[in-house]
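*Asks:* Dropping in model_2.txt, which is compact mmCIF, C-alpha atoms:
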# COMPACT_ATOMS: atom_id res chain seq x y z
CA MET Q 30 -9.05 21.40 17.10
CA GLY Q 31 -5.46 20.21 17.19
CA VAL Q 32 -4.93 18.70 13.76
CA ALA Q 33 -7.30 19.10 10.84
CA VAL Q 34 -6.92 16.29 8.31
CA VAL Q 35 -8.39 17.68 5.10
CA LYS Q 36 -11.11 15.49 3.64
CA LEU Q 37 -11.05 15.52 -0.15
CA GLY Q 38 -13.10 12.45 -0.92
CA VAL Q 39 -12.61 8.70 -0.97
CA GLY Q 40 -9.32 7.39 0.28
CA ASN Q 41 -7.31 5.74 2.99
CA THR Q 42 -7.30 8.80 5.24
CA ALA Q 43 -8.21 6.54 8.17
CA SER Q 44 -4.54 5.51 8.19
CA VAL Q 45 -3.56 9.12 8.89
CA LEU Q 46 -6.18 9.50 11.62
CA TYR Q 47 -5.06 6.25 13.28
CA ALA Q 48 -1.44 7.44 13.19
CA MET Q 49 -2.50 10.67 14.94
CA GLU Q 50 -4.38 8.58 17.50
CA ARG Q 51 -1.27 6.44 18.16
CA LEU Q 52 0.71 9.65 18.76
CA GLY Q 53 -1.93 11.01 21.12
CA ALA Q 54 -2.89 13.93 18.86
CA ASP Q 55 -6.39 15.36 18.68
CA ALA Q 56 -7.12 15.03 14.95
CA GLN Q 57 -10.29 15.21 12.89
CA LEU Q 58 -11.15 14.60 9.28
CA THR Q 59 -12.89 17.69 7.95
CA ASP Q 60 -13.64 19.69 4.82
CA ASP Q 61 -14.97 22.67 6.76
CA ALA Q 62 -13.01 25.81 5.83
CA ALA Q 63 -13.53 27.49 9.20
CA ALA Q 64 -12.44 24.40 11.15
CA ILE Q 65 -9.32 24.09 9.00
CA ALA Q 66 -8.49 27.78 9.39
CA ASP Q 67 -8.78 27.46 13.18
CA ALA Q 68 -6.76 24.24 13.52
CA GLU Q 69 -3.34 24.28 15.16
CA ARG Q 70 -1.95 22.18 12.31
CA VAL Q 71 -3.22 20.90 9.01
CA ILE Q 72 -2.49 17.65 7.19
CA LEU Q 73 -3.37 17.46 3.51
CA PRO Q 74 -3.42 13.78 2.58
CA GLY Q 75 -3.32 12.65 -0.99
CA VAL Q 76 -6.37 11.08 -2.53
CA GLY Q 77 -6.85 10.17 -6.18
CA ALA Q 78 -5.39 12.26 -8.99
CA ALA Q 79 -4.05 15.84 -8.83
CA ALA Q 80 -6.65 17.48 -11.07
CA HIS Q 81 -9.50 15.78 -9.20
CA ALA Q 82 -8.05 16.72 -5.80
CA MET Q 83 -7.62 20.39 -6.82
CA ALA Q 84 -11.18 20.42 -8.17
CA GLN Q 85 -12.32 19.14 -4.76
CA ILE Q 86 -10.28 21.85 -2.98
CA ASP Q 87 -11.90 24.52 -5.13
CA ALA Q 88 -15.40 23.04 -4.91
CA LYS Q 89 -15.14 23.00 -1.10
CA GLY Q 90 -13.73 26.55 -1.09
CA LEU Q 91 -10.48 25.47 0.61
CA ARG Q 92 -7.83 27.01 -1.67
CA GLN Q 93 -7.72 30.32 0.20
CA VAL Q 94 -7.64 28.79 3.68
CA LEU Q 95 -4.82 26.41 2.71
CA THR Q 96 -2.68 29.00 0.94
CA SER Q 97 -3.05 31.54 3.75
CA PHE Q 98 -2.57 29.05 6.62
CA LYS Q 99 0.34 30.25 8.79
CA ARG Q 100 0.80 27.32 11.19
CA PRO Q 101 2.39 23.95 10.30
CA LEU Q 102 0.90 22.39 7.17
CA LEU Q 103 1.94 18.92 5.97
CA GLY Q 104 1.06 17.48 2.58
CA ILE Q 105 1.29 13.70 2.29
CA CYS Q 106 1.87 11.85 -1.00
CA LEU Q 107 -0.39 13.58 -3.55
CA GLY Q 108 -0.81 16.23 -0.83
CA GLN Q 109 2.88 17.12 -1.25
CA GLN Q 110 2.45 17.41 -5.01
CA LEU Q 111 -0.50 19.80 -4.53
CA LEU Q 112 1.78 22.20 -2.63
CA PHE Q 113 3.70 22.92 -5.85
CA ASP Q 114 2.74 25.34 -8.64
CA ARG Q 115 1.49 22.71 -11.04
CA SER Q 116 1.15 19.00 -11.73
CA GLU Q 117 1.45 17.29 -15.07
CA GLU Q 118 -1.19 14.85 -13.86
CA GLY Q 119 -4.32 16.16 -15.56
CA ASP Q 120 -2.50 19.50 -16.08
CA ALA Q 121 -3.62 20.71 -12.65
CA GLU Q 122 -2.84 24.07 -11.10
CA GLY Q 123 -1.52 23.45 -7.59
CA LEU Q 124 -1.58 25.59 -4.46
CA GLY Q 125 1.60 27.42 -5.52
CA LEU Q 126 3.22 27.28 -2.07
CA ILE Q 127 6.45 25.73 -3.39
CA PRO Q 128 7.92 26.56 -6.80
CA GLY Q 129 8.00 23.92 -9.51
CA ALA Q 130 5.82 21.27 -11.10
CA ALA Q 131 5.12 17.61 -10.32
CA THR Q 132 5.96 15.39 -13.27
CA ARG Q 133 5.66 11.71 -14.17
CA LEU Q 134 8.24 9.31 -12.71
CA LYS Q 135 11.29 9.26 -14.95
CA ILE Q 136 11.62 5.53 -15.45
CA SER Q 137 12.25 3.28 -18.38
CA PRO Q 138 9.28 1.44 -19.93
CA LYS Q 139 10.43 -1.87 -18.45
CA ASP Q 140 10.43 -0.49 -14.90
CA VAL Q 141 7.48 -1.32 -12.70
CA SER Q 142 5.10 1.61 -12.11
CA PRO Q 143 3.82 2.99 -9.79
CA HIS Q 144 6.77 3.27 -7.41
CA MET Q 145 5.22 1.14 -4.66
CA GLY Q 146 7.25 0.01 -1.68
CA TRP Q 147 10.02 0.97 0.70
CA SER Q 148 12.84 3.25 -0.48
CA GLN Q 149 15.67 5.04 1.28
CA LEU Q 150 15.64 8.68 2.34
CA HIS Q 151 18.74 10.72 1.52
CA LEU Q 152 18.84 13.75 3.78
CA LYS Q 153 19.91 16.98 2.06
CA GLN Q 154 19.29 19.69 4.67
CA ALA Q 155 18.76 19.65 8.41
CA HIS Q 156 15.15 20.33 9.38
CA PRO Q 157 13.15 19.80 12.58
CA LEU Q 158 10.87 17.40 10.64
CA THR Q 159 13.73 14.93 10.14
CA GLU Q 160 15.20 15.08 13.62
CA GLY Q 161 16.02 11.53 14.68
CA VAL Q 162 15.81 10.27 11.09
CA ALA Q 163 19.05 8.75 9.81
CA ALA Q 164 20.41 8.87 6.27
CA GLY Q 165 19.32 5.66 4.54
CA ASP Q 166 16.22 5.09 6.67
CA TYR Q 167 13.38 3.56 4.68
CA ALA Q 168 9.93 5.02 4.02
CA TYR Q 169 6.88 3.60 2.23
CA PHE Q 170 6.05 5.16 -1.14
CA VAL Q 171 3.12 4.75 -3.52
CA HIS Q 172 3.13 7.21 -6.44
CA ALA Q 173 3.49 7.66 -10.18
CA TYR Q 174 4.26 11.41 -10.13
CA VAL Q 175 7.20 13.16 -8.46
CA CYS Q 176 8.09 16.61 -7.14
CA PRO Q 177 11.20 18.38 -8.44
CA LEU Q 178 14.39 18.85 -6.45
CA GLY Q 179 15.05 22.44 -5.38
CA ALA Q 180 15.69 24.83 -2.50
CA ALA Q 181 12.77 23.28 -0.57
CA THR Q 182 14.17 19.73 -0.74
CA ILE Q 183 14.92 18.33 2.72
CA ALA Q 184 15.34 14.71 1.62
CA GLU Q 185 15.56 12.92 -1.70
CA ALA Q 186 14.65 9.42 -2.76
CA ALA Q 187 15.29 7.73 -6.07
CA TYR Q 188 13.26 5.61 -8.44
CA GLY Q 189 14.51 5.96 -11.99
CA ALA Q 190 15.76 9.43 -11.03
CA SER Q 191 16.03 11.36 -7.78
CA PHE Q 192 13.00 13.32 -6.60
CA ALA Q 193 11.91 15.32 -3.56
CA ALA Q 194 10.90 12.93 -0.77
CA ILE Q 195 10.54 15.60 1.93
CA VAL Q 196 10.10 19.32 1.25
CA ALA Q 197 9.78 22.37 3.47
CA ARG Q 198 9.31 26.06 2.85
CA GLY Q 199 8.41 28.13 5.89
CA ASN Q 200 5.37 26.60 7.58
CA VAL Q 201 4.63 24.38 4.58
CA MET Q 202 6.02 20.82 4.49
CA GLY Q 203 5.46 17.69 2.47
CA CYS Q 204 6.30 14.00 2.38
CA GLN Q 205 6.05 12.07 -0.88
CA PHE Q 206 5.91 8.83 1.11
CA HIS Q 207 3.28 7.79 3.65
CA PRO Q 208 4.69 8.56 7.12
CA GLU Q 209 1.58 6.96 8.66
CA ARG Q 210 2.63 3.65 7.07
CA SER Q 211 6.41 4.02 7.35
CA GLY Q 212 6.99 2.28 10.68
CA ALA Q 213 9.06 3.95 13.37
CA VAL Q 214 10.69 6.35 10.87
CA GLY Q 215 7.32 7.70 9.76
CA ALA Q 216 6.05 7.92 13.32
CA ARG Q 217 9.11 9.99 14.23
CA ILE Q 218 8.47 12.40 11.35
CA LEU Q 219 4.82 12.81 12.35
CA GLN Q 220 5.84 13.31 15.98
CA ASN Q 221 8.31 15.97 14.84
CA PHE Q 222 5.51 17.66 12.87
CA LEU Q 223 3.29 17.65 15.95
CA SER Q 224 6.12 19.13 18.02
CA LEU Q 225 6.74 22.12 15.73
CA PRO Q 226 5.86 25.42 17.38
CA CYS Q 227 2.69 26.99 16.04
CA MET E 8 12.87 -1.16 -7.87
CA PRO E 9 12.28 -0.25 -4.22
CA ALA E 10 13.29 -2.75 -1.52
CA ARG E 11 11.79 -6.18 -2.18
CA ARG E 12 8.80 -6.67 0.09
CA ILE E 13 8.27 -9.57 2.47
CA ILE E 14 4.53 -9.83 3.14
CA PRO E 15 2.96 -12.11 5.75
CA CYS E 16 -0.64 -13.00 4.97
CA LEU E 17 -3.20 -13.75 7.66
CA ASP E 18 -5.95 -16.02 6.42
CA VAL E 19 -8.83 -15.44 8.81
CA LYS E 20 -11.89 -17.59 9.41
CA ASP E 21 -14.39 -16.93 12.22
CA GLY E 22 -12.02 -14.38 13.76
CA ARG E 23 -9.03 -16.75 13.93
CA VAL E 24 -5.99 -17.07 11.71
CA ILE E 25 -6.07 -20.43 10.01
CA LYS E 26 -3.84 -22.20 7.57
CA GLY E 27 -4.76 -24.86 5.08
CA VAL E 28 -2.77 -27.10 2.79
CA ARG E 29 -3.76 -26.61 -0.83
CA PHE E 30 -6.80 -24.63 0.38
CA GLU E 31 -8.22 -27.51 2.43
CA ALA E 32 -7.71 -29.05 5.91
CA HIS E 33 -7.54 -25.80 7.89
CA ILE E 34 -5.71 -25.59 11.22
CA ASP E 35 -5.75 -22.83 13.85
CA ALA E 36 -2.75 -20.45 13.81
CA GLY E 37 -3.76 -17.76 16.32
CA ASP E 38 -5.34 -14.36 16.97
CA PRO E 39 -5.21 -11.94 13.98
CA LEU E 40 -4.36 -8.80 15.97
CA ALA E 41 -1.59 -10.49 17.95
CA LEU E 42 -0.07 -12.00 14.82
CA ALA E 43 -0.31 -8.73 12.85
CA GLN E 44 1.50 -6.90 15.66
CA ARG E 45 4.14 -9.61 15.88
CA TYR E 46 4.83 -9.36 12.14
CA ARG E 47 4.97 -5.56 12.27
CA ASP E 48 7.54 -5.77 15.07
CA GLU E 49 9.55 -8.39 13.20
CA GLY E 50 9.88 -6.21 10.09
CA ALA E 51 6.99 -7.11 7.79
CA ASP E 52 6.91 -4.65 4.87
CA GLU E 53 3.16 -4.97 4.52
CA ILE E 54 0.45 -7.15 6.00
CA VAL E 55 -2.38 -8.83 4.13
CA ILE E 56 -5.51 -9.89 5.94
CA TYR E 57 -7.71 -12.24 4.03
CA ASP E 58 -11.17 -13.29 5.21
CA ILE E 59 -10.99 -16.54 3.30
CA THR E 60 -14.57 -17.69 3.47
CA ALA E 61 -16.24 -14.30 2.94
CA SER E 62 -16.55 -14.62 -0.82
CA ALA E 63 -17.67 -18.26 -0.78
CA GLU E 64 -20.26 -17.37 1.90
CA ARG E 65 -21.23 -14.21 -0.03
CA ARG E 66 -20.59 -11.86 2.87
CA VAL E 67 -18.12 -9.04 3.38
CA ILE E 68 -15.12 -8.77 5.70
CA ASP E 69 -15.83 -7.85 9.33
CA TYR E 70 -15.06 -4.12 9.60
CA SER E 71 -14.71 -4.11 13.38
CA TRP E 72 -11.69 -6.40 13.45
CA LEU E 73 -10.32 -4.65 10.37
CA SER E 74 -10.25 -1.29 12.14
CA ARG E 75 -8.90 -2.86 15.34
CA ILE E 76 -5.91 -4.18 13.39
CA ALA E 77 -5.48 -1.06 11.23
CA ARG E 78 -5.38 1.17 14.31
CA SER E 79 -2.39 -0.65 15.73
CA LEU E 80 -0.32 -1.00 12.53
CA ASP E 81 2.15 1.48 11.09
CA VAL E 82 2.93 -0.54 7.96
CA PRO E 83 0.70 -0.90 4.90
CA LEU E 84 -2.37 -3.07 5.28
CA CYS E 85 -4.19 -4.84 2.47
CA VAL E 86 -7.53 -6.55 3.04
CA ALA E 87 -9.31 -9.16 1.01
CA GLY E 88 -12.49 -11.07 1.40
CA GLY E 89 -15.88 -10.79 -0.23
CA VAL E 90 -15.59 -7.15 -1.33
CA ARG E 91 -17.92 -6.92 -4.31
CA THR E 92 -19.31 -3.36 -4.30
CA LEU E 93 -17.79 0.11 -4.32
CA GLU E 94 -19.46 0.84 -0.97
CA GLN E 95 -17.80 -2.18 0.62
CA ALA E 96 -14.38 -1.31 -0.83
CA ILE E 97 -14.68 2.27 0.38
CA ALA E 98 -15.77 1.05 3.82
CA CYS E 99 -12.57 -1.03 3.97
CA LEU E 100 -10.47 2.05 3.18
CA GLU E 101 -12.42 4.10 5.73
CA HIS E 102 -11.73 1.43 8.35
CA GLY E 103 -8.01 1.72 7.82
CA ALA E 104 -7.08 -0.51 4.89
CA ASP E 105 -4.56 0.97 2.46
CA LYS E 106 -5.42 -1.43 -0.33
CA VAL E 107 -8.34 -3.68 -1.11
CA SER E 108 -7.72 -6.96 -2.85
CA ILE E 109 -10.51 -8.28 -5.03
CA ASN E 110 -10.59 -11.76 -6.47
CA SER E 111 -13.84 -13.69 -7.15
CA PRO E 112 -15.98 -10.51 -7.47
CA ALA E 113 -13.58 -9.17 -10.13
CA LEU E 114 -14.07 -12.39 -12.09
CA GLU E 115 -17.84 -12.14 -11.73
CA ARG E 116 -17.85 -8.54 -12.92
CA PRO E 117 -14.54 -7.30 -14.40
CA ASP E 118 -15.88 -3.72 -14.67
CA PHE E 119 -15.59 -3.57 -10.88
CA ILE E 120 -11.79 -3.20 -11.18
CA GLY E 121 -12.05 -0.02 -13.23
CA GLU E 122 -14.89 1.42 -11.17
CA LEU E 123 -12.90 1.03 -7.97
CA ALA E 124 -9.71 2.40 -9.56
CA ARG E 125 -11.55 5.52 -10.73
CA VAL E 126 -13.02 6.23 -7.29
CA ALA E 127 -10.15 5.24 -5.00
CA GLY E 128 -7.12 5.27 -7.30
CA SER E 129 -5.28 2.31 -8.80
CA GLN E 130 -2.84 2.24 -5.88
CA CYS E 131 -5.70 0.97 -3.67
CA VAL E 132 -6.76 -1.79 -6.06
CA VAL E 133 -5.08 -5.17 -5.82
CA VAL E 134 -6.37 -8.01 -7.95
CA GLY E 135 -5.80 -11.41 -6.37
CA VAL E 136 -5.67 -14.37 -8.71
CA ASP E 137 -5.81 -18.04 -7.71
CA SER E 138 -4.22 -20.08 -10.45
CA ARG E 139 -3.44 -23.72 -11.12
CA LEU E 140 -2.02 -25.69 -14.03
CA GLU E 141 -4.75 -27.54 -15.97
CA ASP E 142 -4.12 -29.35 -19.24
CA GLY E 143 -0.84 -27.56 -19.82
CA ASP E 144 -2.12 -24.03 -19.19
CA TRP E 145 -2.49 -21.87 -16.08
CA ARG E 146 -6.17 -21.35 -15.32
CA VAL E 147 -7.94 -19.03 -12.91
CA HIS E 148 -9.94 -20.55 -10.05
CA GLN E 149 -12.80 -18.92 -8.20
CA TYR E 150 -14.38 -19.16 -4.71
CA THR E 151 -11.28 -20.93 -3.41
CA GLY E 152 -12.12 -20.16 0.25
CA SER E 153 -13.50 -23.65 0.77
CA ALA E 154 -13.12 -27.02 -0.92
CA GLU E 155 -16.88 -27.23 -1.62
CA THR E 156 -17.13 -23.95 -3.54
CA THR E 157 -13.84 -23.75 -5.44
CA ARG E 158 -14.13 -24.04 -9.19
CA GLN E 159 -12.10 -23.50 -12.31
CA THR E 160 -13.09 -20.63 -14.58
CA ALA E 161 -12.70 -20.51 -18.34
CA ARG E 162 -10.03 -17.82 -18.02
CA ARG E 163 -6.35 -18.25 -18.78
CA THR E 164 -4.35 -16.74 -15.93
CA LEU E 165 -1.96 -14.81 -18.16
CA ASP E 166 -4.85 -13.25 -20.10
CA TRP E 167 -6.69 -12.31 -16.93
CA ILE E 168 -3.78 -10.54 -15.21
CA VAL E 169 -3.14 -8.41 -18.30
CA GLU E 170 -6.85 -7.57 -18.50
CA ALA E 171 -6.86 -6.67 -14.79
CA GLN E 172 -3.90 -4.34 -15.31
CA GLU E 173 -5.57 -2.68 -18.29
CA ARG E 174 -8.74 -2.21 -16.28
CA GLY E 175 -6.87 -0.28 -13.58
CA ALA E 176 -5.43 -2.74 -11.06
CA GLY E 177 -2.44 -1.26 -9.20
CA GLU E 178 -0.92 -4.59 -8.20
CA ILE E 179 -1.42 -8.31 -8.85
CA VAL E 180 -1.10 -11.01 -6.21
CA LEU E 181 -0.66 -14.29 -8.04
CA ASN E 182 -1.43 -17.21 -5.80
CA CYS E 183 -0.11 -20.38 -7.33
CA MET E 184 -2.45 -23.04 -5.92
CA ASP E 185 -0.36 -26.05 -6.89
CA GLN E 186 2.34 -24.75 -4.52
CA ASP E 187 0.08 -23.38 -1.78
CA GLY E 188 0.86 -24.74 1.66
CA VAL E 189 3.27 -27.41 0.44
CA ARG E 190 6.46 -25.40 1.13
CA ASP E 191 8.40 -26.50 -1.94
CA GLY E 192 9.15 -22.99 -3.15
CA TYR E 193 7.29 -20.48 -5.31
CA ASP E 194 6.04 -21.34 -8.81
CA ILE E 195 8.91 -19.65 -10.61
CA ALA E 196 7.80 -20.52 -14.15
CA GLN E 197 4.32 -19.13 -13.70
CA LEU E 198 5.49 -16.01 -11.85
CA ARG E 199 8.20 -15.29 -14.43
CA ALA E 200 5.65 -15.58 -17.24
CA ALA E 201 3.34 -13.20 -15.36
CA ARG E 202 6.13 -10.71 -14.58
CA ASP E 203 7.08 -10.49 -18.24
CA LEU E 204 3.54 -9.42 -19.16
CA LEU E 205 2.94 -6.81 -16.43
CA SER E 206 4.12 -3.25 -15.82
CA ILE E 207 2.50 -2.99 -12.36
CA PRO E 208 3.95 -4.68 -9.25
CA LEU E 209 3.55 -8.46 -9.02
CA ILE E 210 3.44 -10.24 -5.66
CA ALA E 211 4.28 -13.95 -5.49
CA SER E 212 2.10 -16.16 -3.33
CA GLY E 213 2.07 -19.87 -2.56
CA GLY E 214 4.92 -22.23 -1.80
CA ALA E 215 7.35 -20.53 0.59
CA GLY E 216 8.85 -23.14 2.90
CA ALA E 217 12.43 -22.00 3.49
CA ALA E 218 14.35 -18.73 3.59
CA ARG E 219 16.06 -19.53 0.27
CA HIS E 220 12.67 -19.66 -1.49
CA PHE E 221 12.34 -15.91 -0.95
CA ALA E 222 15.75 -15.27 -2.51
CA ASP E 223 14.90 -17.61 -5.41
CA VAL E 224 11.62 -15.90 -6.32
CA PHE E 225 13.24 -12.46 -6.48
CA ALA E 226 16.25 -13.75 -8.41
CA GLU E 227 14.33 -15.90 -10.88
CA ALA E 228 10.92 -14.22 -11.25
CA ASP E 229 11.88 -10.59 -10.47
CA VAL E 230 8.71 -10.00 -8.44
CA SER E 231 8.19 -6.91 -6.25
CA GLY E 232 7.17 -8.85 -3.17
CA ALA E 233 6.78 -12.32 -1.77
CA LEU E 234 3.76 -13.22 0.30
CA ALA E 235 3.67 -16.16 2.70
CA ALA E 236 1.51 -17.46 5.50
CA SER E 237 2.14 -20.81 7.16
CA VAL E 238 5.93 -20.59 7.04
CA PHE E 239 5.69 -17.47 9.23
CA HIS E 240 2.74 -18.55 11.39
CA PHE E 241 4.45 -21.75 12.47
CA GLN E 242 7.81 -19.98 12.83
CA ARG E 243 9.66 -22.21 10.40
CA VAL E 244 11.20 -19.07 8.91
CA SER E 245 11.26 -15.62 10.53
CA ILE E 246 10.85 -12.44 8.51
CA ALA E 247 14.44 -11.61 9.45
CA ASP E 248 15.64 -14.99 8.05
CA ALA E 249 13.76 -14.37 4.82
CA LYS E 250 15.21 -10.86 4.46
CA ALA E 251 18.72 -12.04 5.27
CA ALA E 252 18.49 -14.63 2.49
CA VAL E 253 17.16 -12.05 0.02
CA ALA E 254 19.89 -9.55 0.96
CA ALA E 255 22.57 -12.26 0.64
CA ALA E 256 21.34 -12.91 -2.89
CA GLY E 257 22.07 -9.26 -3.72
CA PHE E 258 18.61 -7.72 -3.46
CA GLU E 259 17.70 -4.63 -1.48
CA VAL E 260 15.52 -5.19 1.58
CA ARG E 261 14.39 -2.87 4.33
CA PRO E 262 16.32 -3.89 7.48
CA CYS E 263 14.13 -5.42 10.18
Go through the file and emit its structure as structure tokens.
*Replies:*
Amino acid sequence: MGVAVVKLGVGNTASVLYAMERLGADAQLTDDAAAIADAERVILPGVGAAAHAMAQIDAKGLRQVLTSFKRPLLGICLGQQLLFDRSEEGDAEGLGLIPGAATRLKISPKDVSPHMGWSQLHLKQAHPLTEGVAAGDYAYFVHAYVCPLGAATIAEAAYGASFAAIVARGNVMGCQFHPERSGAVGARILQNFLSLPC
Amino acid sequence: MPARRIIPCLDVKDGRVIKGVRFEAHIDAGDPLALAQRYRDEGADEIVIYDITASAERRVIDYSWLSRIARSLDVPLCVAGGVRTLEQAIACLEHGADKVSINSPALERPDFIGELARVAGSQCVVVGVDSRLEDGDWRVHQYTGSAETTRQTARRTLDWIVEAQERGAGEIVLNCMDQDGVRDGYDIAQLRAARDLLSIPLIASGGAGAARHFADVFAEADVSGALAASVFHFQRVSIADAKAAVAAAGFEVRPC
């Protein structure tokens, strides 16, 4: 299989599969550990809350295969948050692939939550994933928790405070926004992910 | 706030986009897939597809045209129309919707909002509210898909949107029926009152007729997005015109 899209339960993962289809990639939704381990690339989409998603990963026996995966791995939205050590959301233990903890959005009580809509990407480091993406390009976000800035931060976005919008550490990458619903910018990022050597 | 969203809405009946005036007298406005693609290309920040008669006819949205449209779009897609069970809502998500908007079924059984939020997450749950001024108060209407079935409920609009938020809605679309299709501008007073009570995003619906109406609703009601149908379908205002007016009024928009 080309791209394994990890199935964690109910959610709009069809959007991710359709995006792969538009880019001509061979992608399948699966929760089979062997199929994921054998895939060229893995996408971990976000579904539901962090504690629930990690419980699903453990119940399906996927923690080991995800943490030991050596080819390109992309977490999307909640999927990015799961790459970190921990999440405040339900006090969940993450996959520990990137240091730090996901925390609640730092906004004032009068600010609208969740952060839902299009916000600008501020590029912090060059990375193959953001080739062709310009500073200030917009991406579509839907989230109430954020990943911390750090050495893995490739791009930031801001809502209340700045947070990690794109992260990368070795073969492991994440987008807080939904590249599959971020127009041409998102399509470019997914195309870049599919073009990474594996 | 992120960029203010401009959201074209496709009201679909029998597989065609239609547009009514104050929910009656429908006229044909084209093929849903072609229009959805046109709006995506023109810079729509999200697209809403609403099977307007599904709820009144007690049937669910047609999944085959939903997935046909979802496959071709790379912007968020919200669907509405007759979704009254968890299975139906999940089927919408599995056919490519990012959000499901529930309206009459949420009024019939308010627990449905929380049940769907727990399974799919609040970000997938939009509560649509059709509201009209009656005896000095905004009241919720139900089964508005056709003139024969529409009826007023006992609920006050401002009570219902707060209840919907508490039950787990991730967004409210407030459709102000007195303005719908008449192109006189959004119902600023009602939307402002709603905005002041909510902490989740509020989307304005009903009344857009000119580019300045989009600027006005962001400036005066501070909503997260403005939804419109006929003004886009009949090309009276383009999405670019609407965004230019909003940007000129000092609000952030995603460039087309």
*Asks:* In Å, with one decimal, what is the gap from CA of Ser79 in chain E to CA of Asp55 in chain Q?
*Replies:* 16.8 Å
*Asks:* Output as a PyMOL selection string the set of chain Q residues within 6 Å of chain E, with distances taken over only C-alpha atoms.
*Replies:* chain Q and resi 39-41+43-44+47+77+141-142+146-148+210-212
*Asks:* Residues within 9 Å of range 132-146 of chain E, please, as a ChimeraX atom specification. Count only C-alpha atoms; anything in the same chain fewer than 2 positions from it doesn't count.
*Replies:* /E:85,87,106-111,113,120,123-124,127-130,148-149,151,159-165,167-168,171-172,175-186,197
*Asks:* Could you jot down the CA of Arg23 in chain E to CA of Arg243 in chain E separation for me, Å, one decimal place?
*Replies:*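 Computing the Euclidean distance for CA of Arg23 in chain E and CA of Arg243 in chain E yields 19.8 Å.
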*Asks:* Which residue out of Q:Thr42, Q:Ser191, Q:Ser97, Q:Gln110 has the minimum interatomic distance to Gln205 in chain Q when only C-alpha atoms are used?
*Replies:*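 With only C-alpha atoms as the atom set, the closest residue is Q:Gln110.
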*Asks:* Would you mind telling me which residue in E:Ile54, E:Ala226, E:Ala201, E:Leu234 lies nearest to Gly214 in chain E when using only C-alpha atoms?
*Replies:*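 Checking each of E:Ile54, E:Ala226, E:Ala201, E:Leu234 against Gly214 in chain E, counting only C-alpha atoms, the winner is E:Leu234.
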*Asks:* In Å to one decimal, how far is CA of Glu49 in chain E from CA of Phe258 in chain E?
*Replies:*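 CA of Phe258 in chain E sits 19.0 Å away from CA of Glu49 in chain E.
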